[in-house]
file structure.txt (compact mmCIF, C-alpha atoms)
# COMPACT_ATOMS: atom_id res chain seq x y z
CA MET A 29 -14.65 8.70 8.18
CA ARG A 30 -16.03 5.22 8.39
CA GLY A 31 -17.01 4.19 11.90
CA GLY A 32 -16.22 1.00 13.74
CA ASP A 33 -14.62 -0.46 16.81
CA GLY A 34 -11.25 1.01 15.89
CA LYS A 35 -12.18 4.64 16.64
CA PRO A 36 -9.76 4.92 19.60
CA VAL A 37 -6.84 4.68 17.17
CA VAL A 38 -8.16 7.59 15.12
CA TRP A 39 -8.99 9.66 18.20
CA ALA A 40 -5.46 9.18 19.50
CA VAL A 41 -4.12 10.72 16.30
CA VAL A 42 -6.72 13.49 16.37
CA MET A 43 -5.67 14.35 19.93
CA ALA A 44 -2.02 14.44 18.86
CA LEU A 45 -2.92 16.81 16.03
CA ALA A 46 -4.91 19.00 18.40
CA ILE A 47 -2.01 19.20 20.86
CA ALA A 48 0.32 20.02 17.99
CA GLY A 49 -1.98 22.74 16.73
CA SER A 50 -2.26 24.35 20.16
CA ALA A 51 1.46 24.42 20.84
CA SER A 52 2.89 27.92 20.79
CA ALA A 53 6.25 27.02 19.27
CA GLY A 54 8.05 24.22 17.50
CA THR A 55 4.99 22.97 15.65
CA LYS A 56 4.47 22.75 11.91
CA VAL A 57 1.17 21.58 10.43
CA ASP A 58 0.93 20.74 6.73
CA LEU A 59 -2.34 20.22 4.89
CA ASN A 60 -2.24 18.45 1.55
CA GLY A 61 -4.87 16.78 -0.54
CA GLY A 62 -5.84 15.37 -3.87
CA LEU A 63 -8.60 14.73 -6.40
CA TYR A 64 -8.61 11.54 -8.48
CA PRO A 65 -11.40 11.34 -11.08
CA GLN A 66 -11.35 8.21 -13.27
CA PHE A 67 -12.77 6.89 -16.51
CA MET A 68 -13.06 3.13 -16.91
CA ALA A 69 -14.08 0.89 -19.80
CA ASP A 70 -14.34 -2.90 -20.08
CA SER A 71 -16.52 -5.49 -21.75
CA SER A 72 -19.50 -4.52 -19.57
CA GLY A 73 -19.47 -0.81 -20.51
CA THR A 74 -17.95 2.53 -19.49
CA SER A 75 -18.13 4.73 -16.40
CA PHE A 76 -16.90 8.03 -15.02
CA PHE A 77 -16.48 8.48 -11.26
CA LEU A 78 -14.50 10.28 -8.60
CA MET A 79 -12.17 7.61 -7.24
CA ALA A 80 -11.33 9.84 -4.27
CA ALA A 81 -11.13 13.34 -2.87
CA GLU A 82 -8.92 13.45 0.19
CA ALA A 83 -7.10 15.63 2.69
CA ASP A 84 -3.88 14.66 4.47
CA VAL A 85 -2.84 16.39 7.69
CA THR A 86 0.72 16.12 8.99
CA ALA A 87 1.81 17.74 12.26
CA ARG A 88 5.46 17.84 13.34
CA ILE A 89 6.32 18.75 16.91
CA SER A 90 9.93 19.67 17.53
CA THR A 91 12.34 21.62 19.72
CA LYS A 92 15.36 23.55 18.51
CA THR A 93 17.47 20.40 18.63
CA ARG A 94 15.23 17.43 17.77
CA ASP A 95 11.88 16.19 16.52
CA LEU A 96 9.53 15.04 19.27
CA ALA A 97 6.69 13.47 17.28
CA THR A 98 4.94 13.39 13.92
CA ALA A 99 1.21 12.76 13.57
CA VAL A 100 -0.42 11.79 10.26
CA LEU A 101 -4.16 11.73 9.55
CA GLN A 102 -5.76 10.86 6.20
CA LEU A 103 -9.34 12.01 5.58
CA TRP A 104 -11.52 11.56 2.52
CA ALA A 105 -14.45 13.59 1.24
CA SER A 106 -15.61 11.12 -1.38
CA ALA A 107 -14.87 7.56 -2.41
CA PRO A 108 -17.33 5.29 -4.27
CA MET A 109 -15.45 2.12 -3.35
CA PRO A 110 -17.20 -0.36 -1.01
CA ASP A 111 -15.99 -0.24 2.58
CA TRP A 112 -13.57 -3.14 2.37
CA THR A 113 -11.94 -2.02 -0.88
CA MET A 114 -11.74 1.54 0.45
CA GLY A 115 -9.78 0.17 3.40
CA PHE A 116 -7.01 -0.85 1.00
CA HIS A 117 -6.35 2.83 0.27
CA PHE A 118 -7.74 5.10 2.98
CA GLY A 119 -7.37 5.32 6.72
CA GLU A 120 -3.78 6.18 7.59
CA ALA A 121 -3.81 7.59 11.12
CA TYR A 122 -0.67 7.19 13.17
CA VAL A 123 1.86 8.88 15.43
CA MET A 124 5.63 8.55 14.94
CA VAL A 125 7.98 9.15 17.88
CA PRO A 126 11.76 9.14 17.23
CA LEU A 127 13.82 7.67 20.06
CA GLY A 128 17.00 9.55 19.23
CA LEU A 129 20.02 9.72 16.94
CA ARG A 130 20.82 6.32 15.35
CA LEU A 131 17.82 4.85 17.19
CA PRO A 132 14.55 3.73 15.58
CA SER A 133 11.21 5.51 15.71
CA ILE A 134 8.09 4.07 17.32
CA ARG A 135 4.96 4.12 15.18
CA PHE A 136 1.46 3.62 16.62
CA GLY A 137 -1.88 3.70 14.81
CA GLN A 138 -3.23 2.65 11.42
CA ALA A 139 -0.42 2.36 8.90
CA VAL A 140 0.77 0.46 5.85
CA ILE A 141 2.15 -2.99 6.64
CA PRO A 142 5.92 -2.89 5.87
CA PHE A 143 5.88 -6.01 3.71
CA GLY A 144 7.66 -6.17 0.36
CA LEU A 145 7.20 -3.22 -1.97
CA LEU A 146 4.46 -1.79 0.27
CA ALA A 147 7.16 -0.50 2.62
CA ASP A 148 8.52 1.99 0.07
CA TYR A 149 6.08 2.13 -2.85
CA ASP A 150 3.00 4.32 -2.31
CA THR A 151 0.40 2.60 -4.48
CA HIS A 152 -2.46 4.71 -3.15
CA ALA A 153 -2.80 7.11 -6.12
CA GLN A 154 -1.69 4.63 -8.78
CA ILE A 155 -3.98 2.85 -11.22
CA VAL A 156 -1.58 -0.09 -11.26
CA GLN A 157 -1.32 -1.97 -7.97
CA THR A 158 1.09 -4.48 -6.48
CA GLN A 159 -0.19 -7.89 -5.38
CA TYR A 160 -0.86 -7.14 -1.69
CA ALA A 161 -4.65 -7.55 -2.01
CA ARG A 162 -4.14 -11.18 -3.04
CA THR A 163 -1.06 -12.24 -1.10
CA LEU A 164 -1.95 -10.49 2.18
CA GLY A 165 -5.61 -9.45 1.95
CA LEU A 166 -5.06 -5.93 3.31
CA ARG A 167 -2.70 -2.95 3.14
CA LEU A 168 -3.50 -0.83 6.22
CA ASP A 169 -3.73 -2.32 9.68
CA PRO A 170 -3.85 -0.93 13.26
CA GLY A 171 -0.77 -1.77 15.27
CA VAL A 172 2.49 -0.68 16.81
CA GLY A 173 6.08 -1.11 15.69
CA ILE A 174 9.49 0.38 15.07
CA GLN A 175 11.31 1.53 11.96
CA GLY A 176 14.68 3.06 11.28
CA ASP A 177 17.87 3.14 9.22
CA LEU A 178 21.30 1.84 10.09
CA ARG A 179 24.22 2.34 7.71
CA LYS A 180 22.07 2.56 4.56
CA THR A 181 19.91 -0.35 5.70
CA ALA A 182 16.25 0.28 6.50
CA TYR A 183 14.44 -1.99 8.92
CA ALA A 184 10.93 -2.29 10.31
CA LEU A 185 8.96 -4.43 12.75
CA TRP A 186 5.16 -4.15 12.89
CA VAL A 187 2.70 -5.98 15.16
CA SER A 188 -0.91 -5.48 14.08
CA ASN A 189 -4.46 -6.81 14.35
CA GLY A 190 -4.80 -8.36 10.90
CA THR A 191 -8.35 -7.04 10.46
CA GLY A 192 -7.83 -3.85 8.45
CA PRO A 193 -8.47 -0.19 9.42
CA TYR A 194 -11.17 0.91 11.90
CA LEU A 195 -11.70 -2.58 13.32
CA MET A 196 -10.79 -4.12 16.65
CA ASP A 197 -9.01 -7.46 16.59
CA ASN A 198 -11.47 -10.33 16.14
CA ASN A 199 -9.21 -13.05 17.55
CA ARG A 200 -6.30 -13.52 19.93
CA ASN A 201 -3.72 -13.71 17.16
CA LYS A 202 -1.58 -10.82 15.96
CA VAL A 203 0.16 -10.34 12.63
CA VAL A 204 3.93 -9.91 12.96
CA THR A 205 5.75 -8.34 10.00
CA ALA A 206 9.50 -7.76 9.75
CA ARG A 207 11.56 -6.26 6.91
CA ILE A 208 15.20 -5.39 6.32
CA ALA A 209 16.25 -3.48 3.20
CA PRO A 210 19.86 -2.50 2.40
CA LYS A 211 20.55 0.11 -0.28
CA PHE A 212 23.41 -0.06 -2.78
CA VAL A 213 24.88 2.18 -5.46
CA LEU A 214 26.24 0.34 -8.47
CA GLY A 215 27.54 2.68 -11.13
CA ASN A 216 24.66 4.97 -12.10
CA ALA A 217 22.06 2.71 -10.52
CA GLU A 218 20.66 2.96 -7.00
CA MET A 219 19.21 -0.34 -5.77
CA THR A 220 17.22 -1.29 -2.71
CA TRP A 221 16.81 -4.97 -1.85
CA GLY A 222 14.22 -5.96 0.70
CA VAL A 223 13.61 -9.19 2.60
CA SER A 224 10.29 -9.50 4.45
CA GLY A 225 8.57 -12.07 6.61
CA LEU A 226 5.00 -12.16 7.93
CA ALA A 227 2.92 -14.53 10.03
CA GLY A 228 -0.56 -14.12 11.47
CA VAL A 229 -4.29 -14.41 10.96
CA LEU A 230 -5.45 -12.33 7.98
CA PRO A 231 -8.52 -12.01 5.73
CA TYR A 232 -8.88 -15.01 3.44
CA TRP A 233 -10.59 -15.63 0.11
CA PRO A 234 -10.33 -18.72 -2.10
CA VAL A 235 -8.99 -17.86 -5.56
CA ASP A 236 -12.46 -18.25 -7.11
CA SER A 237 -13.87 -15.71 -4.62
CA MET A 238 -11.32 -12.91 -4.93
CA ARG A 239 -13.51 -11.03 -7.40
CA PHE A 240 -15.85 -10.48 -4.43
CA GLN A 241 -13.21 -8.91 -2.15
CA MET A 242 -15.16 -5.66 -2.08
CA TRP A 243 -17.84 -7.38 0.03
CA GLY A 244 -15.38 -8.07 2.82
CA ALA A 245 -13.53 -11.07 4.19
CA TRP A 246 -15.24 -14.44 3.92
CA HIS A 247 -13.29 -15.56 6.96
CA TYR A 248 -9.85 -15.20 8.55
CA GLN A 249 -7.03 -17.68 8.32
CA MET A 250 -3.44 -18.11 9.38
CA LYS A 251 -0.99 -17.00 6.70
CA TYR A 252 2.76 -17.37 6.43
CA ARG A 253 4.51 -15.16 3.86
CA ALA A 254 8.08 -14.38 2.81
CA ALA A 255 9.04 -11.82 0.18
CA LEU A 256 12.06 -10.61 -1.74
CA ASP A 257 11.74 -7.22 -3.43
CA ASN A 258 13.94 -4.87 -5.42
CA THR A 259 13.62 -1.26 -6.52
CA THR A 260 16.24 0.07 -8.94
CA ASP A 261 16.50 3.64 -10.19
CA TRP A 262 18.79 3.80 -13.21
CA GLY A 263 18.78 7.10 -15.05
CA PRO A 264 15.30 7.68 -16.52
CA ALA A 265 14.21 4.09 -15.73
CA THR A 266 12.72 2.60 -12.57
CA PHE A 267 12.37 -1.16 -12.03
CA ARG A 268 10.30 -2.80 -9.30
CA LEU A 269 10.31 -6.53 -8.61
CA GLU A 270 8.66 -8.63 -5.92
CA GLY A 271 8.39 -12.34 -5.29
CA VAL A 272 6.23 -13.83 -2.53
CA MET A 273 6.02 -17.38 -1.24
CA GLY A 274 4.03 -18.84 1.61
CA ARG A 275 1.50 -21.21 3.08
CA ASP A 276 -2.09 -20.89 4.21
CA SER A 277 -3.62 -22.35 7.37
CA THR A 278 -0.47 -24.18 8.59
CA LEU A 279 3.19 -24.48 7.62
CA SER A 280 2.18 -27.64 5.76
CA GLY A 281 -0.92 -26.04 4.20
CA PRO A 282 -1.53 -25.06 0.55
CA ARG A 283 1.46 -23.44 -1.17
CA VAL A 284 1.00 -19.85 -2.29
CA TYR A 285 3.28 -17.81 -4.52
CA GLY A 286 3.06 -14.51 -6.32
CA TYR A 287 5.23 -12.21 -8.40
CA TYR A 288 5.20 -8.60 -9.56
CA ALA A 289 7.36 -6.81 -12.15
CA GLU A 290 7.06 -3.15 -13.14
CA VAL A 291 9.16 -0.88 -15.32
CA ARG A 292 8.80 2.86 -15.86
CA TYR A 293 10.77 4.96 -18.31
CA ALA A 294 10.71 8.75 -18.48
CA PHE A 295 11.29 9.81 -22.08
CA VAL A 296 11.13 13.50 -21.09
CA ASN A 297 10.10 15.32 -17.92
CA TRP A 298 6.44 15.30 -18.98
CA LEU A 299 6.01 11.77 -20.41
CA GLU A 300 6.59 8.39 -18.76
CA ALA A 301 5.80 4.89 -20.04
CA LEU A 302 4.95 2.02 -17.72
CA ALA A 303 4.38 -1.71 -17.96
CA LYS A 304 3.69 -4.34 -15.31
CA TYR A 305 3.02 -8.06 -15.04
CA ASP A 306 1.90 -9.91 -11.96
CA GLY A 307 0.53 -13.28 -10.94
CA TYR A 308 -0.93 -15.02 -7.92
CA HIS A 309 -1.07 -18.82 -7.65
CA VAL A 310 -2.45 -21.22 -5.06
CA VAL A 311 -1.56 -24.86 -5.64
CA ASN A 312 -4.65 -26.95 -6.47
CA GLN A 313 -6.88 -23.83 -6.52
CA GLY A 314 -5.83 -21.81 -9.55
CA SER A 315 -4.17 -18.58 -10.63
CA LEU A 316 -4.83 -14.90 -11.37
CA ARG A 317 -2.58 -12.92 -13.71
CA ASN A 318 -2.50 -9.40 -15.13
CA LEU A 319 -0.53 -7.65 -17.88
CA SER A 320 -0.84 -3.86 -18.14
CA GLY A 321 0.83 -1.07 -20.04
CA GLY A 322 0.30 2.63 -20.41
CA LEU A 323 1.52 6.20 -20.07
CA THR A 324 1.71 8.92 -17.45
CA VAL A 325 1.61 12.48 -18.77
CA TYR A 326 2.55 15.56 -16.74
CA PRO A 327 0.89 18.24 -18.92
CA PHE A 328 2.32 21.19 -17.01
CA LYS A 329 5.70 19.56 -16.26
CA THR A 330 4.88 19.31 -12.56
CA GLN A 331 4.36 16.32 -10.28
CA ALA A 332 1.23 17.98 -8.86
CA ILE A 333 -0.90 17.12 -11.91
CA ASP A 334 -0.74 13.99 -14.03
CA ILE A 335 -2.88 11.91 -16.36
CA GLN A 336 -2.48 8.13 -16.21
CA LEU A 337 -3.78 5.88 -19.00
CA VAL A 338 -3.44 2.10 -18.76
CA TYR A 339 -4.72 -0.86 -20.78
CA GLY A 340 -4.77 -4.20 -18.97
CA GLU A 341 -5.69 -7.82 -19.54
CA ASP A 342 -6.57 -10.34 -16.82
CA TRP A 343 -6.43 -14.12 -16.91
CA THR A 344 -8.34 -16.22 -14.38
CA LYS A 345 -7.80 -19.98 -14.31
CA THR A 346 -9.43 -22.12 -11.65
CA ALA A 347 -11.31 -25.42 -11.47
CA ILE A 348 -14.57 -23.71 -12.47
CA ARG A 349 -13.38 -20.62 -14.40
CA ASN A 350 -11.07 -20.06 -17.34
CA GLU A 351 -11.54 -16.45 -18.43
CA ARG A 352 -9.74 -13.60 -20.13
CA SER A 353 -10.89 -10.00 -19.76
CA TRP A 354 -9.68 -6.50 -20.60
CA ASN A 355 -10.03 -2.99 -19.19
CA VAL A 356 -8.94 0.57 -19.90
CA THR A 357 -8.49 3.02 -17.03
CA SER A 358 -7.67 6.71 -17.20
CA GLN A 359 -7.10 8.86 -14.13
CA LEU A 360 -6.49 12.56 -13.61
CA SER A 361 -4.54 13.23 -10.41
CA VAL A 362 -4.50 16.72 -8.92
CA ARG A 363 -2.48 17.12 -5.71
CA PHE A 364 -2.31 20.27 -3.61
call {"tool": "encode", "arguments": {"input": "structure.txt", "output": "structure tokens"}}
result
Amino acid sequence: MRGGDGKPVVWAVVMALAIAGSASAGTKVDLNGGLYPQFMADSSGTSFFLMAAEADVTARISTKTRDLATAVLQLWASAPMPDWTMGFHFGEAYVMVPLGLRLPSIRFGQAVIPFGLLADYDTHAQIVQTQYARTLGLRLDPGVGIQGDLRKTAYALWVSNGTGPYLMDNNRNKVVTARIAPKFVLGNAEMTWGVSGLAGVLPYWPVDSMRFQMWGAWHYQMKYRAALDNTTDWGPATFRLEGVMGRDSTLSGPRVYGYYAEVRYAFVNWLEALAKYDGYHVVNQGSLRNLSGGLTVYPFKTQAIDIQLVYGEDWTKTAIRNERSWNVTSQLSVRF
């Protein structure tokens, strides 16, 4: 794994896994993994590469009457992405301790920030992504918080560094994220509505510089964000919506807003269509938008193997750039 000043977080999880593995009873360790080779084509050419090969270790420690703790550690064997971009996807390493019946669980370590769709939607193995890289600037962050459910309403509070995985905090500010998400059943549809708020110092790029995110943060800046999200499962269709508003620097700073809409429809148990549209706008700086559509095929009618194929177009409009580009991405996912 990538080194850095955040190693104590990882070692804490490793120690928890070691204790779990040495326990004589009440311990269950699961090892899962995945391979994600990709083919990409755009106006500059084509390429084949292994997006990732990873292993995920989960250890659950329990007695006959209750769970005591769960430790999660994500390792990767290969990933060609530059360090910063890789930090969007890899590096989960945390311990979850339930406090009791009807009480929340405490989570400590490197985990996904519970903001908007990120709280429920695992984008890690998808070739379509939500707008977190633009609106927040990171996905995983070391911290501590609570999460739980109360009468079909999920809630979470997370206090983190704002620097990304494997890094110590580089300032005195923390990022505070809160989310509440009630779930409803309306006819044949199951809907989850989420309201999120976030404030803290996070990585910052001007709109014109976001194409260089893979090189790391240019600098860090105070961000204020609020989000409303919805996930609806209705028969063979799934809808995901997210709207984000906020300010940069101060509460009177530049206005920021973003939106994300995705629909998936399973025609049969081996074929699913998907489409998504998203945008990110900063007043007086410019905008970035994407429209994508494609298919997911499960050739053996199992969720363990799938082939994703997506065509997308991007629009960039700033004071110095007005561009339109296209790309085709295909990914084979094999999970075990």
call {"tool": "atom_distance", "arguments": {"input": "structure.txt", "atom1": "atom CA of A:Ile89", "atom2": "atom CA of A:Tyr122"}}
result
14.0 Å
call {"tool": "residues_around", "arguments": {"input": "structure.txt", "residues": "A:Leu256", "least_positions_apart": "5", "cutoff": "9 Å", "atoms": "only C-alpha atoms", "output": "ChimeraX atom specification"}}
result
/A:144-145,221-224,269-272
call {"tool": "write_last_selection", "arguments": {"input": "structure.txt", "atoms": "C-alpha atoms", "output": "compact mmCIF listing (two decimals), keeping the file's coordinate frame"}}
result
# COMPACT_ATOMS: atom_id res chain seq x y z
CA GLY A 144 7.66 -6.17 0.36
CA LEU A 145 7.20 -3.22 -1.97
CA TRP A 221 16.81 -4.97 -1.85
CA GLY A 222 14.22 -5.96 0.70
CA VAL A 223 13.61 -9.19 2.60
CA SER A 224 10.29 -9.50 4.45
CA LEU A 269 10.31 -6.53 -8.61
CA GLU A 270 8.66 -8.63 -5.92
CA GLY A 271 8.39 -12.34 -5.29
CA VAL A 272 6.23 -13.83 -2.53
call {"tool": "closest_residue", "arguments": {"input": "structure.txt", "among": "A:Val296, A:Ala289, A:Ala206, A:Ala121", "to": "A:Leu319", "atoms": "all atoms listed in the file"}}
result
A:Ala289
call {"tool": "atom_distance", "arguments": {"input": "structure.txt", "atom1": "atom CA of A:Ile335", "atom2": "atom CA of A:Leu323"}}
result
8.1 Å
call {"tool": "residues_around", "arguments": {"input": "structure.txt", "residues": "A:Gly274", "least_positions_apart": "4", "cutoff": "12 Å", "atoms": "only C-alpha atoms", "output": "list in words"}}
result
Thr163, Leu164, Ser224, Gly225, Leu226, Ala227, Gly228, Met250, Lys251, Tyr252, Arg253, Ala254, Ala255, Leu256, Thr278, Leu279, Ser280, Gly281, Pro282, Arg283, Val284, Tyr285, Gly286, Tyr308, His309, Val310 and Val311 of chain A
call {"tool": "residues_around", "arguments": {"input": "structure.txt", "residues": "stretch 175-188 of chain A", "least_positions_apart": "2", "cutoff": "8 Å", "atoms": "all atoms listed in the file", "output": "VMD selection string"}}
result
chain A and resid 130 to 135 141 to 142 169 to 173 190 202 to 212
call {"tool": "residues_near_point", "arguments": {"input": "structure.txt", "point": "(5.7, 9.8, 16.8)", "cutoff": "7 Å", "atoms": "only C-alpha atoms", "output": "list in words"}}
result
Leu96, Ala97, Thr98, Ala99, Val123, Met124, Val125, Pro126, Ile134 and Arg135 of chain A
call {"tool": "atom_distance", "arguments": {"input": "structure.txt", "atom1": "atom CA of A:Thr259", "atom2": "atom CA of A:Leu360"}}
result
25.4 Å
call {"tool": "residues_around", "arguments": {"input": "structure.txt", "residues": "A:Thr260", "least_positions_apart": "4", "cutoff": "9 Å", "atoms": "all atoms listed in the file", "output": "list of chain:residue names"}}
result
A:Ala217, A:Glu218, A:Met219, A:Thr220, A:Trp221, A:Ala265, A:Thr266, A:Phe267, A:Arg268, A:Leu269
call {"tool": "write_last_selection", "arguments": {"input": "structure.txt", "atoms": "C-alpha atoms", "output": "tab-separated table (two decimals), in the frame of the given file"}}
result
chain	number	residue	atom	x	y	z
A	217	ALA	CA	22.06	2.71	-10.52
A	218	GLU	CA	20.66	2.96	-7.00
A	219	MET	CA	19.21	-0.34	-5.77
A	220	THR	CA	17.22	-1.29	-2.71
A	221	TRP	CA	16.81	-4.97	-1.85
A	265	ALA	CA	14.21	4.09	-15.73
A	266	THR	CA	12.72	2.60	-12.57
A	267	PHE	CA	12.37	-1.16	-12.03
A	268	ARG	CA	10.30	-2.80	-9.30
A	269	LEU	CA	10.31	-6.53	-8.61
call {"tool": "build_atoms", "arguments": {"input": "structure.txt", "residues": "stretch 299-324 of chain A", "atoms": "N, CA and C atoms", "output": "mmCIF file, in the frame of the given file"}}
result
data_model
loop_
_atom_site.group_PDB
_atom_site.id
_atom_site.type_symbol
_atom_site.label_atom_id
_atom_site.label_comp_id
_atom_site.auth_asym_id
_atom_site.auth_seq_id
_atom_site.Cartn_x
_atom_site.Cartn_y
_atom_site.Cartn_z
ATOM 1 N N LEU A 299 6.581 12.996 -19.850
ATOM 2 C CA LEU A 299 6.010 11.770 -20.410
ATOM 3 C C LEU A 299 6.760 10.556 -19.893
ATOM 4 N N GLU A 300 6.021 9.611 -19.317
ATOM 5 C CA GLU A 300 6.590 8.390 -18.760
ATOM 6 C C GLU A 300 5.770 7.185 -19.225
ATOM 7 N N ALA A 301 6.452 6.143 -19.673
ATOM 8 C CA ALA A 301 5.800 4.890 -20.040
ATOM 9 C C ALA A 301 5.897 3.906 -18.885
ATOM 10 N N LEU A 302 4.911 3.032 -18.763
ATOM 11 C CA LEU A 302 4.950 2.020 -17.720
ATOM 12 C C LEU A 302 4.377 0.706 -18.228
ATOM 13 N N ALA A 303 4.890 -0.371 -17.671
ATOM 14 C CA ALA A 303 4.380 -1.710 -17.960
ATOM 15 C C ALA A 303 4.529 -2.552 -16.710
ATOM 16 N N LYS A 304 3.580 -3.464 -16.484
ATOM 17 C CA LYS A 304 3.690 -4.340 -15.310
ATOM 18 C C LYS A 304 3.028 -5.685 -15.605
ATOM 19 N N TYR A 305 3.560 -6.697 -14.927
ATOM 20 C CA TYR A 305 3.020 -8.060 -15.040
ATOM 21 C C TYR A 305 3.038 -8.665 -13.657
ATOM 22 N N ASP A 306 1.929 -9.269 -13.261
ATOM 23 C CA ASP A 306 1.900 -9.910 -11.960
ATOM 24 C C ASP A 306 1.074 -11.180 -12.024
ATOM 25 N N GLY A 307 1.277 -12.031 -11.023
ATOM 26 C CA GLY A 307 0.530 -13.280 -10.940
ATOM 27 C C GLY A 307 0.401 -13.735 -9.506
ATOM 28 N N TYR A 308 -0.675 -14.466 -9.251
ATOM 29 C CA TYR A 308 -0.930 -15.020 -7.920
ATOM 30 C C TYR A 308 -1.417 -16.458 -8.124
ATOM 31 N N HIS A 309 -0.767 -17.412 -7.454
ATOM 32 C CA HIS A 309 -1.070 -18.820 -7.650
ATOM 33 C C HIS A 309 -1.244 -19.518 -6.304
ATOM 34 N N VAL A 310 -2.255 -20.345 -6.205
ATOM 35 C CA VAL A 310 -2.450 -21.220 -5.060
ATOM 36 C C VAL A 310 -2.527 -22.642 -5.597
ATOM 37 N N VAL A 311 -1.634 -23.484 -5.140
ATOM 38 C CA VAL A 311 -1.560 -24.860 -5.640
ATOM 39 C C VAL A 311 -2.894 -25.567 -5.414
ATOM 40 N N ASN A 312 -3.394 -26.199 -6.457
ATOM 41 C CA ASN A 312 -4.650 -26.950 -6.470
ATOM 42 C C ASN A 312 -5.898 -26.074 -6.398
ATOM 43 N N GLN A 313 -5.716 -24.732 -6.467
ATOM 44 C CA GLN A 313 -6.880 -23.830 -6.520
ATOM 45 C C GLN A 313 -6.953 -23.075 -7.833
ATOM 46 N N GLY A 314 -5.811 -22.556 -8.308
ATOM 47 C CA GLY A 314 -5.830 -21.810 -9.550
ATOM 48 C C GLY A 314 -4.901 -20.612 -9.513
ATOM 49 N N SER A 315 -5.070 -19.723 -10.500
ATOM 50 C CA SER A 315 -4.170 -18.580 -10.630
ATOM 51 C C SER A 315 -4.901 -17.369 -11.183
ATOM 52 N N LEU A 316 -4.360 -16.191 -10.857
ATOM 53 C CA LEU A 316 -4.830 -14.900 -11.370
ATOM 54 C C LEU A 316 -3.616 -14.161 -11.893
ATOM 55 N N ARG A 317 -3.705 -13.644 -13.131
ATOM 56 C CA ARG A 317 -2.580 -12.920 -13.710
ATOM 57 C C ARG A 317 -3.061 -11.644 -14.384
ATOM 58 N N ASN A 318 -2.177 -10.664 -14.485
ATOM 59 C CA ASN A 318 -2.500 -9.400 -15.130
ATOM 60 C C ASN A 318 -1.296 -8.864 -15.880
ATOM 61 N N LEU A 319 -1.541 -8.346 -17.076
ATOM 62 C CA LEU A 319 -0.530 -7.650 -17.880
ATOM 63 C C LEU A 319 -1.095 -6.293 -18.232
ATOM 64 N N SER A 320 -0.360 -5.229 -17.898
ATOM 65 C CA SER A 320 -0.840 -3.860 -18.140
ATOM 66 C C SER A 320 0.269 -3.009 -18.718
ATOM 67 N N GLY A 321 -0.123 -2.029 -19.493
ATOM 68 C CA GLY A 321 0.830 -1.070 -20.040
ATOM 69 C C GLY A 321 0.143 0.252 -20.293
ATOM 70 N N GLY A 322 0.916 1.330 -20.186
ATOM 71 C CA GLY A 322 0.300 2.630 -20.410
ATOM 72 C C GLY A 322 1.281 3.775 -20.301
ATOM 73 N N LEU A 323 0.735 4.967 -20.103
ATOM 74 C CA LEU A 323 1.520 6.200 -20.070
ATOM 75 C C LEU A 323 1.076 7.065 -18.897
ATOM 76 N N THR A 324 2.013 7.844 -18.388
ATOM 77 C CA THR A 324 1.710 8.920 -17.450
ATOM 78 C C THR A 324 2.199 10.220 -18.064
#
